[in-house]
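Q: File entry-v1.pdb follows (PDB, C-alpha atoms):
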```pdb
ATOM      1  CA  ARG A   1     -69.386   8.457 -58.971  1.00  0.00           C
ATOM      2  CA  ASP A   2     -66.935   5.735 -60.063  1.00  0.00           C
ATOM      3  CA  GLN A   3     -63.210   6.324 -59.933  1.00  0.00           C
ATOM      4  CA  ALA A   4     -59.996   4.343 -60.176  1.00  0.00           C
ATOM      5  CA  LEU A   5     -56.420   5.354 -59.521  1.00  0.00           C
ATOM      6  CA  VAL A   6     -53.280   3.387 -60.300  1.00  0.00           C
ATOM      7  CA  ILE A   7     -49.714   4.420 -59.509  1.00  0.00           C
ATOM      8  CA  ARG A   8     -46.447   2.741 -60.398  1.00  0.00           C
ATOM      9  CA  GLU A   9     -42.953   3.881 -59.630  1.00  0.00           C
ATOM     10  CA  HIS A  10     -40.821   3.318 -62.707  1.00  0.00           C
ATOM     11  CA  GLY A  11     -38.946   0.039 -62.650  1.00  0.00           C
ATOM     12  CA  GLN A  12     -41.130  -1.495 -59.952  1.00  0.00           C
ATOM     13  CA  ARG A  13     -43.154  -4.707 -60.219  1.00  0.00           C
ATOM     14  CA  GLU A  14     -45.947  -3.681 -57.867  1.00  0.00           C
ATOM     15  CA  TYR A  15     -48.446  -0.924 -58.481  1.00  0.00           C
ATOM     16  CA  LEU A  16     -50.990   0.633 -56.163  1.00  0.00           C
ATOM     17  CA  VAL A  17     -54.621   0.468 -57.280  1.00  0.00           C
ATOM     18  CA  ILE A  18     -57.485   2.293 -55.595  1.00  0.00           C
ATOM     19  CA  HIS A  19     -61.021   1.577 -56.796  1.00  0.00           C
ATOM     20  CA  HIS A  20     -64.254   3.265 -55.830  1.00  0.00           C
ATOM     21  CA  GLY A  21     -67.106   1.641 -57.712  1.00  0.00           C
ATOM     22  CA  ALA A  22     -66.344   0.343 -61.197  1.00  0.00           C
ATOM     23  CA  THR A  23     -63.140  -1.402 -62.254  1.00  0.00           C
ATOM     24  CA  THR A  24     -63.583  -0.879 -66.021  1.00  0.00           C
ATOM     25  CA  TYR A  25     -64.021   2.468 -67.778  1.00  0.00           C
ATOM     26  CA  ILE A  26     -64.686   3.887 -71.228  1.00  0.00           C
ATOM     27  CA  THR A  27     -61.384   5.187 -72.577  1.00  0.00           C
ATOM     28  CA  ALA A  28     -62.557   8.216 -74.559  1.00  0.00           C
ATOM     29  CA  SER A  29     -59.411   9.870 -75.964  1.00  0.00           C
ATOM     30  CA  ILE A  30     -56.820   8.062 -73.862  1.00  0.00           C
ATOM     31  CA  ILE A  31     -57.196   5.252 -76.439  1.00  0.00           C
ATOM     32  CA  LYS A  32     -55.052   7.530 -78.602  1.00  0.00           C
ATOM     33  CA  LEU A  33     -51.984   6.477 -76.600  1.00  0.00           C
ATOM     34  CA  ALA A  34     -52.613   2.850 -77.543  1.00  0.00           C
ATOM     35  CA  ILE A  35     -53.139   3.855 -81.173  1.00  0.00           C
ATOM     36  CA  MET A  36     -49.827   5.769 -81.157  1.00  0.00           C
ATOM     37  CA  GLU A  37     -47.988   2.811 -79.649  1.00  0.00           C
ATOM     38  CA  THR A  38     -49.540   0.456 -82.188  1.00  0.00           C
ATOM     39  CA  VAL A  39     -48.273   2.671 -85.013  1.00  0.00           C
ATOM     40  CA  MET A  40     -44.791   2.487 -83.487  1.00  0.00           C
ATOM     41  CA  ILE A  41     -44.855  -1.250 -82.838  1.00  0.00           C
ATOM     42  CA  GLN A  42     -45.984  -1.964 -86.392  1.00  0.00           C
ATOM     43  CA  ALA A  43     -43.229   0.278 -87.772  1.00  0.00           C
ATOM     44  CA  VAL A  44     -40.664  -1.662 -85.740  1.00  0.00           C
ATOM     45  CA  GLY A  45     -42.106  -4.910 -87.084  1.00  0.00           C
ATOM     46  CA  GLU A  46     -41.590  -3.567 -90.602  1.00  0.00           C
ATOM     47  CA  LYS A  47     -38.015  -2.553 -89.686  1.00  0.00           C
ATOM     48  CA  ARG A  48     -38.526   1.123 -90.436  1.00  0.00           C
ATOM     49  CA  GLN A  49     -38.837   4.517 -88.801  1.00  0.00           C
ATOM     50  CA  LEU A  50     -42.077   6.444 -88.525  1.00  0.00           C
ATOM     51  CA  THR A  51     -43.086   7.996 -91.829  1.00  0.00           C
ATOM     52  CA  GLU A  52     -43.776  11.693 -92.268  1.00  0.00           C
ATOM     53  CA  GLY A  53     -47.376  10.791 -92.993  1.00  0.00           C
ATOM     54  CA  GLU A  54     -47.651   8.969 -89.672  1.00  0.00           C
ATOM     55  CA  LYS A  55     -46.035  11.855 -87.809  1.00  0.00           C
ATOM     56  CA  ASN A  56     -48.395  14.312 -89.479  1.00  0.00           C
ATOM     57  CA  LEU A  57     -51.261  12.386 -87.888  1.00  0.00           C
ATOM     58  CA  LEU A  58     -49.601  11.573 -84.546  1.00  0.00           C
ATOM     59  CA  VAL A  59     -48.929  15.233 -83.756  1.00  0.00           C
ATOM     60  CA  PRO A  60     -52.552  16.442 -83.925  1.00  0.00           C
ATOM     61  CA  MET A  61     -53.861  13.197 -82.409  1.00  0.00           C
ATOM     62  CA  ILE A  62     -51.829  13.611 -79.213  1.00  0.00           C
ATOM     63  CA  GLU A  63     -51.217  17.359 -78.946  1.00  0.00           C
ATOM     64  CA  ASN A  64     -54.708  18.449 -80.048  1.00  0.00           C
ATOM     65  CA  SER A  65     -56.643  15.212 -79.435  1.00  0.00           C
ATOM     66  CA  SER A  66     -57.785  15.248 -83.062  1.00  0.00           C
ATOM     67  CA  ASN A  67     -60.436  12.617 -83.671  1.00  0.00           C
ATOM     68  CA  ASP A  68     -59.918  12.787 -87.433  1.00  0.00           C
ATOM     69  CA  ALA A  69     -56.223  11.959 -87.041  1.00  0.00           C
ATOM     70  CA  ALA A  70     -57.049   9.177 -84.585  1.00  0.00           C
ATOM     71  CA  THR A  71     -59.588   7.654 -86.985  1.00  0.00           C
ATOM     72  CA  ALA A  72     -57.071   7.709 -89.842  1.00  0.00           C
ATOM     73  CA  LEU A  73     -54.423   5.941 -87.746  1.00  0.00           C
ATOM     74  CA  TRP A  74     -56.983   3.540 -86.221  1.00  0.00           C
ATOM     75  CA  LYS A  75     -57.845   2.376 -89.730  1.00  0.00           C
ATOM     76  CA  LYS A  76     -54.197   2.274 -90.798  1.00  0.00           C
ATOM     77  CA  VAL A  77     -53.147  -0.090 -87.993  1.00  0.00           C
ATOM     78  CA  GLY A  78     -56.044  -2.495 -88.522  1.00  0.00           C
ATOM     79  CA  LYS A  79     -58.626  -0.998 -86.167  1.00  0.00           C
ATOM     80  CA  ALA A  80     -59.417  -2.956 -83.003  1.00  0.00           C
ATOM     81  CA  GLU A  81     -57.554  -6.100 -84.023  1.00  0.00           C
ATOM     82  CA  GLY A  82     -54.340  -4.238 -84.695  1.00  0.00           C
ATOM     83  CA  VAL A  83     -54.508  -2.271 -81.445  1.00  0.00           C
ATOM     84  CA  ARG A  84     -55.491  -5.362 -79.445  1.00  0.00           C
ATOM     85  CA  THR A  85     -52.453  -7.252 -80.741  1.00  0.00           C
ATOM     86  CA  ALA A  86     -50.116  -4.421 -79.772  1.00  0.00           C
ATOM     87  CA  MET A  87     -51.714  -3.989 -76.351  1.00  0.00           C
ATOM     88  CA  ARG A  88     -51.339  -7.678 -75.553  1.00  0.00           C
ATOM     89  CA  ARG A  89     -47.641  -7.482 -76.366  1.00  0.00           C
ATOM     90  CA  MET A  90     -47.377  -4.693 -73.800  1.00  0.00           C
ATOM     91  CA  GLY A  91     -49.207  -6.708 -71.137  1.00  0.00           C
ATOM     92  CA  ALA A  92     -52.577  -4.922 -71.382  1.00  0.00           C
ATOM     93  CA  THR A  93     -54.992  -7.855 -71.564  1.00  0.00           C
ATOM     94  CA  ASN A  94     -58.128  -6.582 -69.803  1.00  0.00           C
ATOM     95  CA  THR A  95     -59.316  -4.134 -72.458  1.00  0.00           C
ATOM     96  CA  THR A  96     -62.458  -4.756 -74.529  1.00  0.00           C
ATOM     97  CA  PHE A  97     -63.173  -3.045 -77.833  1.00  0.00           C
ATOM     98  CA  ASP A  98     -66.480  -1.657 -79.020  1.00  0.00           C
ATOM     99  CA  PRO A  99     -68.178  -4.246 -81.286  1.00  0.00           C
ATOM    100  CA  VAL A 100     -69.097  -1.501 -83.766  1.00  0.00           C
ATOM    101  CA  GLY A 101     -65.458  -0.396 -83.939  1.00  0.00           C
ATOM    102  CA  ARG A 102     -65.642   3.034 -82.300  1.00  0.00           C
ATOM    103  CA  SER A 103     -62.193   3.458 -80.759  1.00  0.00           C
ATOM    104  CA  GLY A 104     -63.258   5.921 -78.055  1.00  0.00           C
ATOM    105  CA  LEU A 105     -65.784   3.436 -76.666  1.00  0.00           C
ATOM    106  CA  THR A 106     -63.092   0.939 -75.774  1.00  0.00           C
ATOM    107  CA  SER A 107     -63.482  -0.375 -72.212  1.00  0.00           C
ATOM    108  CA  THR A 108     -60.297  -0.587 -70.150  1.00  0.00           C
ATOM    109  CA  THR A 109     -58.793  -0.854 -66.668  1.00  0.00           C
ATOM    110  CA  ALA A 110     -56.426   1.467 -64.857  1.00  0.00           C
ATOM    111  CA  ALA A 111     -53.826  -1.308 -64.680  1.00  0.00           C
ATOM    112  CA  ASP A 112     -53.909  -1.782 -68.457  1.00  0.00           C
ATOM    113  CA  GLN A 113     -53.411   1.942 -68.950  1.00  0.00           C
ATOM    114  CA  VAL A 114     -50.388   2.102 -66.655  1.00  0.00           C
ATOM    115  CA  ALA A 115     -48.886  -0.864 -68.525  1.00  0.00           C
ATOM    116  CA  LEU A 116     -49.252   1.027 -71.797  1.00  0.00           C
ATOM    117  CA  ALA A 117     -47.850   4.257 -70.375  1.00  0.00           C
ATOM    118  CA  ASP A 118     -44.841   2.442 -68.949  1.00  0.00           C
ATOM    119  CA  HIS A 119     -43.895   1.398 -72.477  1.00  0.00           C
ATOM    120  CA  ILE A 120     -43.425   5.088 -73.241  1.00  0.00           C
ATOM    121  CA  PHE A 121     -41.593   6.089 -70.070  1.00  0.00           C
ATOM    122  CA  CYS A 122     -39.556   2.957 -69.226  1.00  0.00           C
ATOM    123  CA  PRO A 123     -36.934   1.124 -71.308  1.00  0.00           C
ATOM    124  CA  ASN A 124     -38.317  -1.938 -73.061  1.00  0.00           C
ATOM    125  CA  THR A 125     -37.686  -4.207 -76.042  1.00  0.00           C
ATOM    126  CA  ILE A 126     -41.003  -3.462 -77.786  1.00  0.00           C
ATOM    127  CA  ILE A 127     -40.777   0.266 -78.534  1.00  0.00           C
ATOM    128  CA  PRO A 128     -37.268   1.676 -79.167  1.00  0.00           C
ATOM    129  CA  GLU A 129     -36.017   4.721 -77.286  1.00  0.00           C
ATOM    130  CA  SER A 130     -36.122   6.966 -80.363  1.00  0.00           C
ATOM    131  CA  MET A 131     -39.856   6.368 -80.749  1.00  0.00           C
ATOM    132  CA  ARG A 132     -40.516   6.567 -77.010  1.00  0.00           C
ATOM    133  CA  ALA A 133     -38.741   9.918 -76.920  1.00  0.00           C
ATOM    134  CA  TYR A 134     -40.947  11.123 -79.775  1.00  0.00           C
ATOM    135  CA  ALA A 135     -44.065   9.982 -77.889  1.00  0.00           C
ATOM    136  CA  ARG A 136     -42.894  11.845 -74.788  1.00  0.00           C
ATOM    137  CA  GLU A 137     -42.276  14.965 -76.846  1.00  0.00           C
ATOM    138  CA  LEU A 138     -45.877  14.888 -78.063  1.00  0.00           C
ATOM    139  CA  MET A 139     -47.256  14.236 -74.570  1.00  0.00           C
ATOM    140  CA  SER A 140     -45.299  17.190 -73.195  1.00  0.00           C
ATOM    141  CA  ASN A 141     -46.804  19.481 -75.821  1.00  0.00           C
ATOM    142  CA  VAL A 142     -50.563  19.053 -75.439  1.00  0.00           C
ATOM    143  CA  GLU A 143     -52.794  22.094 -75.852  1.00  0.00           C
ATOM    144  CA  ASP A 144     -52.926  24.242 -72.722  1.00  0.00           C
ATOM    145  CA  ASP A 145     -56.632  23.627 -72.253  1.00  0.00           C
ATOM    146  CA  GLN A 146     -55.973  19.871 -72.263  1.00  0.00           C
ATOM    147  CA  ASN A 147     -53.189  19.994 -69.676  1.00  0.00           C
ATOM    148  CA  TRP A 148     -55.177  19.042 -66.579  1.00  0.00           C
ATOM    149  CA  GLY A 149     -55.969  16.014 -64.455  1.00  0.00           C
ATOM    150  CA  MET A 150     -53.199  13.780 -63.176  1.00  0.00           C
ATOM    151  CA  THR A 151     -50.611  16.460 -63.903  1.00  0.00           C
ATOM    152  CA  ALA A 152     -51.741  18.322 -60.753  1.00  0.00           C
ATOM    153  CA  GLY A 153     -48.666  18.766 -58.584  1.00  0.00           C
ATOM    154  CA  MET A 154     -46.257  17.465 -61.231  1.00  0.00           C
ATOM    155  CA  LYS A 155     -43.267  19.342 -62.580  1.00  0.00           C
ATOM    156  CA  SER A 156     -42.694  19.126 -66.358  1.00  0.00           C
ATOM    157  CA  PRO A 157     -45.486  16.570 -66.803  1.00  0.00           C
ATOM    158  CA  PHE A 158     -46.388  14.357 -69.731  1.00  0.00           C
ATOM    159  CA  VAL A 159     -50.106  13.783 -70.221  1.00  0.00           C
ATOM    160  CA  LYS A 160     -52.952  12.512 -72.373  1.00  0.00           C
ATOM    161  CA  ASN A 161     -56.513  13.042 -71.228  1.00  0.00           C
ATOM    162  CA  GLY A 162     -59.874  11.796 -72.430  1.00  0.00           C
ATOM    163  CA  TRP A 163     -63.395  13.107 -71.963  1.00  0.00           C
ATOM    164  CA  LEU A 164     -66.680  11.919 -73.434  1.00  0.00           C
ATOM    165  CA  SER A 165     -70.340  12.575 -72.668  1.00  0.00           C
ATOM    166  CA  LEU A 166     -72.646   9.596 -73.284  1.00  0.00           C
ATOM    167  CA  ASP A 167     -76.218   8.751 -72.367  1.00  0.00           C
ATOM    168  CA  ASP A 168     -74.954   7.339 -69.077  1.00  0.00           C
ATOM    169  CA  GLY A 169     -73.058  10.531 -68.165  1.00  0.00           C
ATOM    170  CA  TRP A 170     -69.509  11.837 -68.378  1.00  0.00           C
ATOM    171  CA  HIS A 171     -66.407   9.647 -68.769  1.00  0.00           C
ATOM    172  CA  VAL A 172     -63.245  11.611 -67.911  1.00  0.00           C
ATOM    173  CA  ASN A 173     -59.767  10.072 -67.723  1.00  0.00           C
ATOM    174  CA  SER A 174     -56.165  11.162 -67.339  1.00  0.00           C
ATOM    175  CA  VAL A 175     -52.839   9.411 -67.956  1.00  0.00           C
ATOM    176  CA  ALA A 176     -49.741  11.280 -66.787  1.00  0.00           C
ATOM    177  CA  SER A 177     -46.112  10.733 -65.894  1.00  0.00           C
ATOM    178  CA  THR A 178     -43.228  12.669 -64.420  1.00  0.00           C
ATOM    179  CA  GLY A 179     -41.067  11.385 -67.268  1.00  0.00           C
ATOM    180  CA  THR A 180     -38.390   8.726 -67.491  1.00  0.00           C
ATOM    181  CA  ALA A 181     -37.591   9.169 -63.802  1.00  0.00           C
ATOM    182  CA  GLY A 182     -40.316   9.020 -61.207  1.00  0.00           C
ATOM    183  CA  TYR A 183     -43.730   7.492 -61.665  1.00  0.00           C
ATOM    184  CA  THR A 184     -46.758   7.047 -63.883  1.00  0.00           C
ATOM    185  CA  VAL A 185     -50.290   7.639 -62.626  1.00  0.00           C
ATOM    186  CA  VAL A 186     -53.684   6.981 -64.203  1.00  0.00           C
ATOM    187  CA  GLY A 187     -57.070   8.289 -63.087  1.00  0.00           C
ATOM    188  CA  LEU A 188     -60.304   6.982 -64.609  1.00  0.00           C
ATOM    189  CA  THR A 189     -63.746   8.354 -63.717  1.00  0.00           C
ATOM    190  CA  HIS A 190     -67.414   8.095 -64.644  1.00  0.00           C
ATOM    191  CA  SER A 191     -70.571   9.654 -63.279  1.00  0.00           C
ATOM    192  CA  ALA A 192     -74.208   9.693 -64.363  1.00  0.00           C
ATOM    193  CA  THR A 193     -74.779  13.038 -62.660  1.00  0.00           C
ATOM    194  CA  ALA A 194     -71.487  14.923 -62.224  1.00  0.00           C
ATOM    195  CA  SER A 195     -70.248  17.419 -64.820  1.00  0.00           C
ATOM    196  CA  MET A 196     -66.966  17.139 -66.675  1.00  0.00           C
ATOM    197  CA  ASP A 197     -65.537  19.886 -64.459  1.00  0.00           C
ATOM    198  CA  ASP A 198     -66.555  17.910 -61.374  1.00  0.00           C
ATOM    199  CA  LEU A 199     -64.753  14.816 -62.636  1.00  0.00           C
ATOM    200  CA  VAL A 200     -61.663  16.811 -63.580  1.00  0.00           C
ATOM    201  CA  GLU A 201     -61.659  18.109 -60.014  1.00  0.00           C
ATOM    202  CA  THR A 202     -61.959  14.521 -58.754  1.00  0.00           C
ATOM    203  CA  ILE A 203     -58.971  13.441 -60.840  1.00  0.00           C
ATOM    204  CA  GLU A 204     -56.883  16.397 -59.702  1.00  0.00           C
ATOM    205  CA  GLY A 205     -57.821  15.622 -56.112  1.00  0.00           C
ATOM    206  CA  MET A 206     -56.538  12.074 -56.611  1.00  0.00           C
ATOM    207  CA  ALA A 207     -53.331  13.476 -58.100  1.00  0.00           C
ATOM    208  CA  ARG A 208     -52.775  15.720 -55.083  1.00  0.00           C
ATOM    209  CA  LEU A 209     -53.500  12.805 -52.757  1.00  0.00           C
ATOM    210  CA  ARG A 210     -50.830  10.846 -54.560  1.00  0.00           C
ATOM    211  CA  ALA A 211     -48.351  13.689 -54.143  1.00  0.00           C
ATOM    212  CA  ARG A 212     -49.043  13.848 -50.409  1.00  0.00           C
ATOM    213  CA  HIS A 213     -48.718  10.087 -50.096  1.00  0.00           C
ATOM    214  CA  GLN A 214     -45.343  10.214 -51.844  1.00  0.00           C
ATOM    215  CA  ALA A 215     -44.115  13.060 -49.667  1.00  0.00           C
ATOM    216  CA  ARG A 216     -45.121  11.469 -46.376  1.00  0.00           C
ATOM    217  CA  ARG A 217     -44.466   7.839 -47.320  1.00  0.00           C
ATOM    218  CA  VAL A 218     -47.512   6.729 -45.367  1.00  0.00           C
ATOM    219  CA  PRO A 219     -49.018   3.224 -45.793  1.00  0.00           C
ATOM    220  CA  PRO A 220     -51.684   2.983 -48.532  1.00  0.00           C
ATOM    221  CA  PRO A 221     -55.293   3.461 -47.434  1.00  0.00           C
ATOM    222  CA  ALA A 222     -57.290   0.416 -46.396  1.00  0.00           C
ATOM    223  CA  SER A 223     -59.408   0.582 -49.556  1.00  0.00           C
ATOM    224  CA  SER A 224     -56.369   0.228 -51.793  1.00  0.00           C
ATOM    225  CA  THR A 225     -54.654  -2.895 -53.035  1.00  0.00           C
ATOM    226  CA  ALA A 226     -51.103  -3.555 -54.145  1.00  0.00           C
ATOM    227  CA  GLN A 227     -51.060  -5.705 -57.268  1.00  0.00           C
ATOM    228  CA  SER A 228     -48.213  -7.222 -59.172  1.00  0.00           C
ATOM    229  CA  GLN A 229     -47.408  -7.859 -62.800  1.00  0.00           C
ATOM    230  CA  PRO A 230     -44.121  -8.288 -64.686  1.00  0.00           C
ATOM    231  CA  PRO A 231     -41.661  -5.486 -63.843  1.00  0.00           C
ATOM    232  CA  ALA A 232     -42.225  -2.223 -65.633  1.00  0.00           C
ATOM    233  CA  PRO A 233     -40.478  -2.527 -69.000  1.00  0.00           C
TER     234      PRO A 233
END
```
Take the structure from the file and write it as structure tokens.
A:
Amino acid sequence: RDQALVIREHGQREYLVIHHGATTYITASIIKLAIMETVMIQAVGEKRQLTEGEKNLLVPMIENSSNDAATALWKKVGKAEGVRTAMRRMGATNTTFDPVGRSGLTSTTAADQVALADHIFCPNTIIPESMRAYARELMSNVEDDQNWGMTAGMKSPFVKNGWLSLDDGWHVNSVASTGTAGYTVVGLTHSATASMDDLVETIEGMARLRARHQARRVPPPASSTAQSQPPAP
């Protein structure tokens, strides 16, 4: 069972990464956060607000994890090339896209995902506050049966999860934040034998471990590493 956890306190340069097994993971539906941010970044580049048509697709894509809405927006922003360009602007440079163009089969790292999430929850010059607030509104409104994972132990959480069964097993991921104050946490998992429920339990266990670590302020475990990148936006 492969799993990765990354935590960053908002406004901090360093982030804590814990790996067990793989360092790259299939995104499944968490790619929808990158698609949403690409829509916003392109709108800013065109010096306009989000259109009603874009909002009518963003709502079901994030709140209901609609694949049809995601596909429509994926095509609108220029597919992999458009999303790659936006992700690089946000400092996510270790993500590889499916050569056939299937967005959910994008391969990513936990660090890239926390960089993307921080552009929703932290002030930055790439995505304006009005659009970030809209993204947070959507992430706080996901369907009840999709509100699991890294939100374990959080109050008023914001979340986007992803889950996908492939020939090599389940890929289950969770991106969550406490909001504009606090921290962002990402859990990525894969197993050839475990069920989706098992991996959800693994992610929620990591989330509770994080909560205990925060409460006790103990040093990070020996298997973890503190890495650094430009300060959270």
Q: Can you work out the spacing between CA of Tyr183 in chain A and CA of His19 in chain A in Å, to one decimal?
A: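 Here the two named atoms are 18.9 Å from each other.
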Q: Find the residues of range 71-97 of chain A that sit at most 10 Å from range 46-65 of chain A; for each, write down the nearest two atoms and how far apart they are in Å, to one decimal. Count only C-alpha atoms. Sort by chain, then by number going up, and give it as CSV.
A:
```
residue,atom,partner,partner_atom,distance
A:Thr71,CA,A:Met61,CA,9.2
A:Ala72,CA,A:Leu57,CA,7.7
A:Leu73,CA,A:Leu57,CA,7.2
A:Lys76,CA,A:Glu54,CA,9.4
```
Q: Might you spell out which residues the PyMOL selection byres ((chain A and resi 171) around 6) would select in the displayed file, as a ChimeraX atom specification?
A: /A:163-164,170,172,189-190
Q: So, with all atoms listed in the file as the atoms that count, which of A:Asn161, A:Thr85, A:Gln113, A:Ser130 lies closest to Asp145 in chain A?
A: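 Checking each candidate against Asp145 in chain A, we get A:Asn161 as the closest.
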Q: Which residue out of A:Asp2, A:Glu81, A:Phe97, A:Ala117 has the minimum interatomic distance to Ala34 in chain A when all atoms listed in the file are used?
A: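 Once distances to Ala34 in chain A are computed over all atoms listed in the file, the minimum belongs to A:Ala117.
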Q: What's the separation between CA of Val77 in chain A and CA of Val44 in chain A, in Å to one decimal place?
A: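 Rounded to one decimal, the two atoms are 12.8 Å apart.
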Q: Using all atoms listed in the file, which of A:Gly104, A:Cys122, A:Met40, A:Asp68 sits nearest Tyr134 in chain A?
A: A:Met40
Q: Mind checking which residues fall within 10 Å of Gly101 in chain A, counting all atoms listed in the file, ignoring those fewer than 3 positions away in the same chain, and posting them as a ChimeraX atom specification?
A: /A:74-75,79-81,97-98,104-106
Q: Here's the selection I'm unsure about, the PyMOL selection byres ((chain A and resi 18) around 6); applied to the file above, which residues does it give, as a list in words?
A: Ala4, Leu5, Val17, His19 and Ser224 of chain A
